[in-house]
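Containing TSV, C-alpha atoms: start-v8.tsv.
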chain	number	residue	atom	x	y	z
A	1095	MET	CA	-56.51	54.75	-3.93
A	1096	ARG	CA	-59.82	53.48	-2.62
A	1097	LEU	CA	-60.43	51.97	0.81
A	1098	HIS	CA	-63.66	50.31	1.84
A	1099	LYS	CA	-65.17	50.54	5.32
A	1100	GLY	CA	-62.93	48.75	7.83
A	1101	GLU	CA	-59.83	48.60	5.62
A	1102	THR	CA	-56.54	49.79	7.08
A	1103	LEU	CA	-54.51	52.49	5.34
A	1104	PHE	CA	-51.44	52.27	7.60
A	1105	ARG	CA	-50.50	50.84	10.97
A	1106	GLN	CA	-49.04	52.44	14.04
A	1107	GLY	CA	-45.24	52.32	14.05
A	1108	GLU	CA	-44.88	51.82	10.30
A	1109	SER	CA	-43.31	54.45	8.06
A	1110	GLY	CA	-44.41	55.40	4.60
A	1111	PRO	CA	-46.00	58.02	2.39
A	1112	LEU	CA	-48.36	60.82	3.25
A	1113	TYR	CA	-51.97	60.80	2.10
A	1114	THR	CA	-54.63	63.34	1.26
A	1115	LEU	CA	-58.20	62.24	1.93
A	1116	VAL	CA	-60.26	63.16	-1.13
A	1117	SER	CA	-63.59	61.71	0.05
A	1118	GLY	CA	-64.88	59.58	2.87
A	1119	MET	CA	-63.72	59.48	6.47
A	1120	LEU	CA	-60.95	57.76	8.43
A	1121	LYS	CA	-60.36	57.15	12.09
A	1122	ILE	CA	-56.96	57.10	13.75
A	1123	GLU	CA	-56.61	54.58	16.57
A	1124	ARG	CA	-53.70	54.32	18.95
A	1125	ILE	CA	-52.96	50.89	20.40
A	1126	HIS	CA	-51.35	50.87	23.84
A	1127	GLU	CA	-48.86	48.24	25.01
A	1128	ASN	CA	-51.61	46.45	26.97
A	1129	GLY	CA	-53.64	46.10	23.75
A	1130	THR	CA	-56.30	48.69	24.48
A	1131	SER	CA	-57.32	50.85	21.57
A	1132	ILE	CA	-58.19	54.55	21.82
A	1133	LEU	CA	-59.86	56.53	19.07
A	1134	MET	CA	-57.57	59.54	18.70
A	1135	ASN	CA	-58.74	61.38	15.63
A	1136	ILE	CA	-61.24	61.58	12.79
A	1137	ILE	CA	-59.91	62.53	9.36
A	1138	VAL	CA	-62.22	64.34	6.92
A	1139	PRO	CA	-61.82	65.23	3.23
A	1140	GLY	CA	-59.10	67.74	2.43
A	1141	GLU	CA	-56.77	66.65	5.23
A	1142	THR	CA	-53.25	65.48	4.53
A	1143	ILE	CA	-52.01	62.89	7.01
A	1144	PRO	CA	-50.15	62.04	9.11
A	1145	HIS	CA	-50.25	65.55	10.58
A	1146	HIS	CA	-47.12	65.05	12.67
A	1147	SER	CA	-45.10	64.28	9.52
A	1148	LEU	CA	-45.99	67.31	7.43
A	1149	ILE	CA	-42.65	69.01	8.17
A	1150	SER	CA	-40.37	66.04	8.87
A	1151	PRO	CA	-40.81	62.26	8.57
A	1152	GLN	CA	-41.88	60.21	11.59
A	1153	PRO	CA	-43.35	56.72	11.96
A	1154	TYR	CA	-47.15	56.63	11.94
A	1155	HIS	CA	-48.42	57.53	15.43
A	1156	GLY	CA	-51.60	55.47	15.06
A	1157	THR	CA	-53.48	53.13	12.75
A	1158	ALA	CA	-55.70	54.68	10.05
A	1159	ILE	CA	-58.91	52.80	9.25
A	1160	ALA	CA	-61.67	53.73	6.78
A	1161	LEU	CA	-65.00	54.50	8.48
A	1162	VAL	CA	-66.77	54.63	5.11
A	1163	THR	CA	-65.62	54.04	1.54
A	1164	SER	CA	-62.84	56.58	1.08
A	1165	GLU	CA	-60.72	57.92	-1.75
A	1166	LEU	CA	-57.14	58.98	-1.04
A	1167	GLU	CA	-54.20	60.41	-2.92
A	1168	THR	CA	-50.83	58.91	-2.04
A	1169	ILE	CA	-47.99	61.41	-1.70
A	1170	PRO	CA	-44.53	59.79	-1.71
A	1171	SER	CA	-42.59	61.13	1.27
A	1172	GLN	CA	-39.47	61.99	-0.69
A	1173	ASP	CA	-41.54	64.06	-3.13
A	1174	TRP	CA	-43.33	65.90	-0.30
A	1175	TYR	CA	-40.14	66.82	1.58
A	1176	ARG	CA	-38.20	67.69	-1.60
A	1177	GLU	CA	-41.04	70.01	-2.64
A	1178	LEU	CA	-40.92	71.59	0.80
A	1179	GLU	CA	-37.16	72.20	0.47
A	1180	LEU	CA	-37.46	73.62	-3.03
A	1181	HIS	CA	-40.47	75.81	-2.22
A	1182	PRO	CA	-40.28	77.10	1.36
A	1183	ALA	CA	-43.50	79.04	0.81
A	1184	LYS	CA	-45.24	75.66	0.88
A	1185	ALA	CA	-44.79	75.84	4.67
A	1186	LEU	CA	-47.64	78.38	4.65
A	1187	ASP	CA	-49.89	75.76	3.03
A	1188	ILE	CA	-48.90	73.30	5.74
A	1189	ALA	CA	-49.63	75.89	8.42
A	1190	LYS	CA	-53.10	76.40	6.90
A	1191	LEU	CA	-53.70	72.62	6.91
A	1192	LEU	CA	-52.74	72.43	10.57
A	1193	GLN	CA	-54.83	75.49	11.39
A	1194	THR	CA	-57.88	73.83	9.84
A	1195	LYS	CA	-57.25	70.72	11.92
A	1196	LEU	CA	-56.80	72.78	15.06
A	1197	ARG	CA	-60.14	74.49	14.44
A	1198	MET	CA	-61.80	71.12	13.98
A	1199	MET	CA	-60.28	69.92	17.26
A	1200	GLN	CA	-61.56	73.09	18.95
A	1201	GLN	CA	-65.07	72.21	17.74
A	1202	ARG	CA	-64.69	68.74	19.25
A	1203	ILE	CA	-63.51	70.27	22.54
A	1204	ASP	CA	-66.57	72.53	22.47
A	1205	GLN	CA	-68.70	69.39	22.12
A	1206	LEU	CA	-67.09	68.03	25.27
A	1207	THR	CA	-67.91	71.16	27.24
A	1208	HIS	CA	-71.65	70.60	26.94
A	1209	THR	CA	-72.75	69.67	30.42
A	1210	ALA	CA	-75.58	67.29	29.57
A	1211	PRO	CA	-74.57	63.95	28.05
A	1212	ALA	CA	-77.47	64.14	25.59
A	1213	ASP	CA	-76.17	67.51	24.36
A	1214	LYS	CA	-72.69	66.05	23.84
A	1215	LEU	CA	-74.14	63.24	21.74
A	1216	ALA	CA	-76.35	65.61	19.75
A	1217	ALA	CA	-73.38	67.87	18.98
A	1218	LEU	CA	-71.32	64.90	17.77
A	1219	GLN	CA	-74.19	63.65	15.64
A	1220	ASP	CA	-74.55	67.12	14.07
A	1221	TRP	CA	-70.82	67.29	13.37
A	1222	PHE	CA	-70.79	63.85	11.72
A	1223	ALA	CA	-73.86	64.68	9.65
A	1224	GLN	CA	-71.87	67.53	8.06
A	1225	HIS	CA	-69.33	64.98	6.83
A	1226	ILE	CA	-71.21	61.73	6.20
A	1227	GLY	CA	-74.78	62.84	5.64
A	1228	PRO	CA	-77.91	61.48	7.26
A	1229	GLN	CA	-76.74	57.96	8.06
A	1230	PRO	CA	-76.79	57.05	11.76
A	1231	LEU	CA	-73.60	57.70	13.71
A	1232	THR	CA	-73.66	54.06	14.87
A	1233	ASN	CA	-73.21	52.95	11.25
A	1234	VAL	CA	-69.77	54.58	11.38
A	1235	LEU	CA	-68.56	54.32	15.00
A	1236	THR	CA	-69.09	51.84	17.81
A	1237	GLN	CA	-70.71	52.99	21.03
A	1238	GLU	CA	-67.29	52.67	22.70
A	1239	GLU	CA	-65.73	54.98	20.09
A	1240	ILE	CA	-68.58	57.48	20.44
A	1241	GLY	CA	-67.99	57.47	24.17
A	1242	GLN	CA	-64.25	58.06	23.69
A	1243	LEU	CA	-64.95	61.08	21.48
A	1244	ILE	CA	-67.39	62.75	23.86
A	1245	GLY	CA	-66.11	61.62	27.25
A	1246	LEU	CA	-68.92	59.23	28.16
A	1247	ARG	CA	-69.05	55.59	29.13
A	1248	ARG	CA	-70.33	53.15	26.52
A	1249	GLU	CA	-73.30	52.33	28.75
A	1250	THR	CA	-74.32	56.00	28.85
A	1251	VAL	CA	-74.03	56.23	25.06
A	1252	ASN	CA	-76.18	53.11	24.72
A	1253	ARG	CA	-78.87	54.57	27.02
A	1254	LEU	CA	-78.87	57.90	25.14
A	1255	LEU	CA	-79.12	56.23	21.74
A	1256	ARG	CA	-82.10	54.14	22.88
A	1257	ALA	CA	-83.94	57.18	24.29
I'd like the structure from this file rewritten - as structure tokens, please.
Amino acid sequence: MRLHKGETLFRQGESGPLYTLVSGMLKIERIHENGTSILMNIIVPGETIPHHSLISPQPYHGTAIALVTSELETIPSQDWYRELELHPAKALDIAKLLQTKLRMMQQRIDQLTHTAPADKLAALQDWFAQHIGPQPLTNVLTQEEIGQLIGLRRETVNRLLRA
């Protein structure tokens, strides 16, 4: 399956299949009851999502949106869970997937521990460059989303990007 930039893969609260991102990049947004949106996660190639449904089915915790043109494999839920029942050793593969995601989240936390705002932004730009190449970060994320990822206000991000 192919998604183009801005297209939605699934919506928060829906239920459905799992997906493996083959190429591209997705963002996971969580919409609160008051309508505010928070960027919760970035999905990179090789990840199977939703993470919280790798062992047992749950409704989608957020909305998945393509940040760039992305290729995905659809994995029907019943096939995934039946395979898990028939081959318990597959749980090790799932643990490895989750470990990889945990390490990625640790890298993002390390980015947040930089004291200078400019260093936080530079670390995020470096991380994104590993996954999307040399295109500017602002081609993929809004200033508000960048701020959410690195713990800065949009105004601060704007000032840093102009400098």
message: So that I can see what lies close to Ile1122 of chain A, please list as an NGL selection string the residues with an atom at most 9 Å from it, counting all atoms listed in the file and leaving out residues fewer than 2 positions away in the same chain.
response: :A and (1120 or 1124 or 1132-1137 or 1155-1159)
Restricting the output to C-alpha atoms, write the selected residues as a PDB file, in the coordinates of the input.
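So the final result, stored in again11.pdb, reads:
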ATOM      1  CA  LEU A1120     -60.950  57.760   8.430  1.00  0.00           C
ATOM      2  CA  ARG A1124     -53.700  54.320  18.950  1.00  0.00           C
ATOM      3  CA  ILE A1132     -58.190  54.550  21.820  1.00  0.00           C
ATOM      4  CA  LEU A1133     -59.860  56.530  19.070  1.00  0.00           C
ATOM      5  CA  MET A1134     -57.570  59.540  18.700  1.00  0.00           C
ATOM      6  CA  ASN A1135     -58.740  61.380  15.630  1.00  0.00           C
ATOM      7  CA  ILE A1136     -61.240  61.580  12.790  1.00  0.00           C
ATOM      8  CA  ILE A1137     -59.910  62.530   9.360  1.00  0.00           C
ATOM      9  CA  HIS A1155     -48.420  57.530  15.430  1.00  0.00           C
ATOM     10  CA  GLY A1156     -51.600  55.470  15.060  1.00  0.00           C
ATOM     11  CA  THR A1157     -53.480  53.130  12.750  1.00  0.00           C
ATOM     12  CA  ALA A1158     -55.700  54.680  10.050  1.00  0.00           C
ATOM     13  CA  ILE A1159     -58.910  52.800   9.250  1.00  0.00           C
TER      14      ILE A1159
END
Edge lengths and centre, in Å to one decimal, as AutoDock Vina command-line options: that's what I need for the box along x, y and z that holds all listed atoms of segment 1100-1118 of chain A plus 4 Å on each side.
--center_x -54.1 --center_y 56.0 --center_z 6.5 --size_x 29.6 --size_y 22.7 --size_z 23.2
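From atom CA of Val1251 of chain A back to atom CA of Glu1238 of chain A, the distance works out to 8.0 Å.
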task: Go through A:Arg1202, A:Arg1253, A:Lys1184, A:Lys1195 and flag the residue nearest Ile1149 of chain A, using all atoms listed in the file for the distances.
output: A:Lys1184
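Take the candidates A:Ile1203, A:Ala1210, A:Met1119, A:Ile1143 and check each one against Leu1097 of chain A using only C-alpha atoms; the shortest distance goes to A:Met1119.
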- prompt: Any idea what's packed within 9 Å of Leu1255 of chain A, counting only C-alpha atoms, ignoring anything in its chain fewer than 5 positions away? Could you give it as a PyMOL selection string?
  reply: chain A and resi 1212+1215+1250
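The smallest atom-to-atom distance between Asp1204 of chain A and any of A:Ala1183, A:Ile1244, A:Val1138, A:Leu1235, using only C-alpha atoms, is found for A:Ile1244.
Nearest-residue note for Leu1148 of chain A: choosing from A:Met1198, A:Leu1161, A:Leu1246, A:Leu1191, the minimum distance belongs to A:Leu1191, counting all atoms listed in the file.
Straight-line separation from atom CA of His1181 of chain A to atom CA of Ser1150 of chain A: 14.8 Å.
Between atom CA of Tyr1113 of chain A and atom CA of Leu1166 of chain A the interatomic distance comes to 6.3 Å.
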- line: Judged by only C-alpha atoms, the minimum distance to Leu1196 of chain A among A:Glu1108, A:Glu1141, A:Glu1123, A:Asp1220 is found for A:Glu1141
message: Between A:Lys1214, A:Trp1221, A:Val1162, A:His1145, which residue has the minimum interatomic distance to Ala1189 of chain A, considering only C-alpha atoms?
response: A:His1145
task: Could you please give me, as a PyMOL selection string, the residues of protein, DNA or RNA lying at most 9 Å from (-42.0, 56.2, 14.0) in the coordinate frame of the file, considering all atoms listed in the file?
output: chain A and resi 1106-1109+1151-1155
Could those residues be written to a file, using C-alpha atoms, as a tab-separated table (two decimals), keeping the file's coordinate frame?
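Writing the result to out_12.tsv gives the following:
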chain	number	residue	atom	x	y	z
A	1106	GLN	CA	-49.04	52.44	14.04
A	1107	GLY	CA	-45.24	52.32	14.05
A	1108	GLU	CA	-44.88	51.82	10.30
A	1109	SER	CA	-43.31	54.45	8.06
A	1151	PRO	CA	-40.81	62.26	8.57
A	1152	GLN	CA	-41.88	60.21	11.59
A	1153	PRO	CA	-43.35	56.72	11.96
A	1154	TYR	CA	-47.15	56.63	11.94
A	1155	HIS	CA	-48.42	57.53	15.43
N, CA and C atoms are needed for segment 1154-1171 of chain A; please write them out as a PDB file, in the frame of the given file.
ATOM      1  N   TYR A1154     -45.733  56.358  11.712  1.00  0.00           N
ATOM      2  CA  TYR A1154     -47.150  56.630  11.940  1.00  0.00           C
ATOM      3  C   TYR A1154     -47.452  56.485  13.434  1.00  0.00           C
ATOM      4  N   HIS A1155     -48.125  57.486  13.991  1.00  0.00           N
ATOM      5  CA  HIS A1155     -48.420  57.530  15.430  1.00  0.00           C
ATOM      6  C   HIS A1155     -49.609  56.642  15.792  1.00  0.00           C
ATOM      7  N   GLY A1156     -50.430  56.308  14.822  1.00  0.00           N
ATOM      8  CA  GLY A1156     -51.600  55.470  15.060  1.00  0.00           C
ATOM      9  C   GLY A1156     -51.930  54.687  13.805  1.00  0.00           C
ATOM     10  N   THR A1157     -53.006  53.932  13.867  1.00  0.00           N
ATOM     11  CA  THR A1157     -53.480  53.130  12.750  1.00  0.00           C
ATOM     12  C   THR A1157     -54.665  53.842  12.113  1.00  0.00           C
ATOM     13  N   ALA A1158     -54.628  53.999  10.782  1.00  0.00           N
ATOM     14  CA  ALA A1158     -55.700  54.680  10.050  1.00  0.00           C
ATOM     15  C   ALA A1158     -56.625  53.640   9.424  1.00  0.00           C
ATOM     16  N   ILE A1159     -57.913  53.761   9.717  1.00  0.00           N
ATOM     17  CA  ILE A1159     -58.910  52.800   9.250  1.00  0.00           C
ATOM     18  C   ILE A1159     -60.072  53.571   8.614  1.00  0.00           C
ATOM     19  N   ALA A1160     -60.546  53.086   7.472  1.00  0.00           N
ATOM     20  CA  ALA A1160     -61.670  53.730   6.780  1.00  0.00           C
ATOM     21  C   ALA A1160     -62.963  53.504   7.564  1.00  0.00           C
ATOM     22  N   LEU A1161     -63.682  54.593   7.838  1.00  0.00           N
ATOM     23  CA  LEU A1161     -65.000  54.500   8.480  1.00  0.00           C
ATOM     24  C   LEU A1161     -66.095  54.290   7.453  1.00  0.00           C
ATOM     25  N   VAL A1162     -65.870  54.787   6.259  1.00  0.00           N
ATOM     26  CA  VAL A1162     -66.770  54.630   5.110  1.00  0.00           C
ATOM     27  C   VAL A1162     -65.862  54.467   3.897  1.00  0.00           C
ATOM     28  N   THR A1163     -66.428  54.115   2.748  1.00  0.00           N
ATOM     29  CA  THR A1163     -65.620  54.040   1.540  1.00  0.00           C
ATOM     30  C   THR A1163     -64.944  55.389   1.321  1.00  0.00           C
ATOM     31  N   SER A1164     -63.636  55.350   1.127  1.00  0.00           N
ATOM     32  CA  SER A1164     -62.840  56.580   1.080  1.00  0.00           C
ATOM     33  C   SER A1164     -61.885  56.561  -0.097  1.00  0.00           C
ATOM     34  N   GLU A1165     -61.687  57.729  -0.675  1.00  0.00           N
ATOM     35  CA  GLU A1165     -60.720  57.920  -1.750  1.00  0.00           C
ATOM     36  C   GLU A1165     -59.558  58.736  -1.215  1.00  0.00           C
ATOM     37  N   LEU A1166     -58.335  58.292  -1.519  1.00  0.00           N
ATOM     38  CA  LEU A1166     -57.140  58.980  -1.040  1.00  0.00           C
ATOM     39  C   LEU A1166     -56.146  59.159  -2.170  1.00  0.00           C
ATOM     40  N   GLU A1167     -55.362  60.221  -2.056  1.00  0.00           N
ATOM     41  CA  GLU A1167     -54.200  60.410  -2.920  1.00  0.00           C
ATOM     42  C   GLU A1167     -52.976  60.048  -2.112  1.00  0.00           C
ATOM     43  N   THR A1168     -52.094  59.261  -2.697  1.00  0.00           N
ATOM     44  CA  THR A1168     -50.830  58.910  -2.040  1.00  0.00           C
ATOM     45  C   THR A1168     -49.789  59.948  -2.441  1.00  0.00           C
ATOM     46  N   ILE A1169     -49.047  60.433  -1.450  1.00  0.00           N
ATOM     47  CA  ILE A1169     -47.990  61.410  -1.700  1.00  0.00           C
ATOM     48  C   ILE A1169     -46.676  60.793  -1.227  1.00  0.00           C
ATOM     49  N   PRO A1170     -45.804  60.359  -2.142  1.00  0.00           N
ATOM     50  CA  PRO A1170     -44.530  59.790  -1.710  1.00  0.00           C
ATOM     51  C   PRO A1170     -43.767  60.776  -0.816  1.00  0.00           C
ATOM     52  N   SER A1171     -43.265  60.276   0.287  1.00  0.00           N
ATOM     53  CA  SER A1171     -42.590  61.130   1.270  1.00  0.00           C
ATOM     54  C   SER A1171     -41.467  61.944   0.657  1.00  0.00           C
TER      55      SER A1171
END
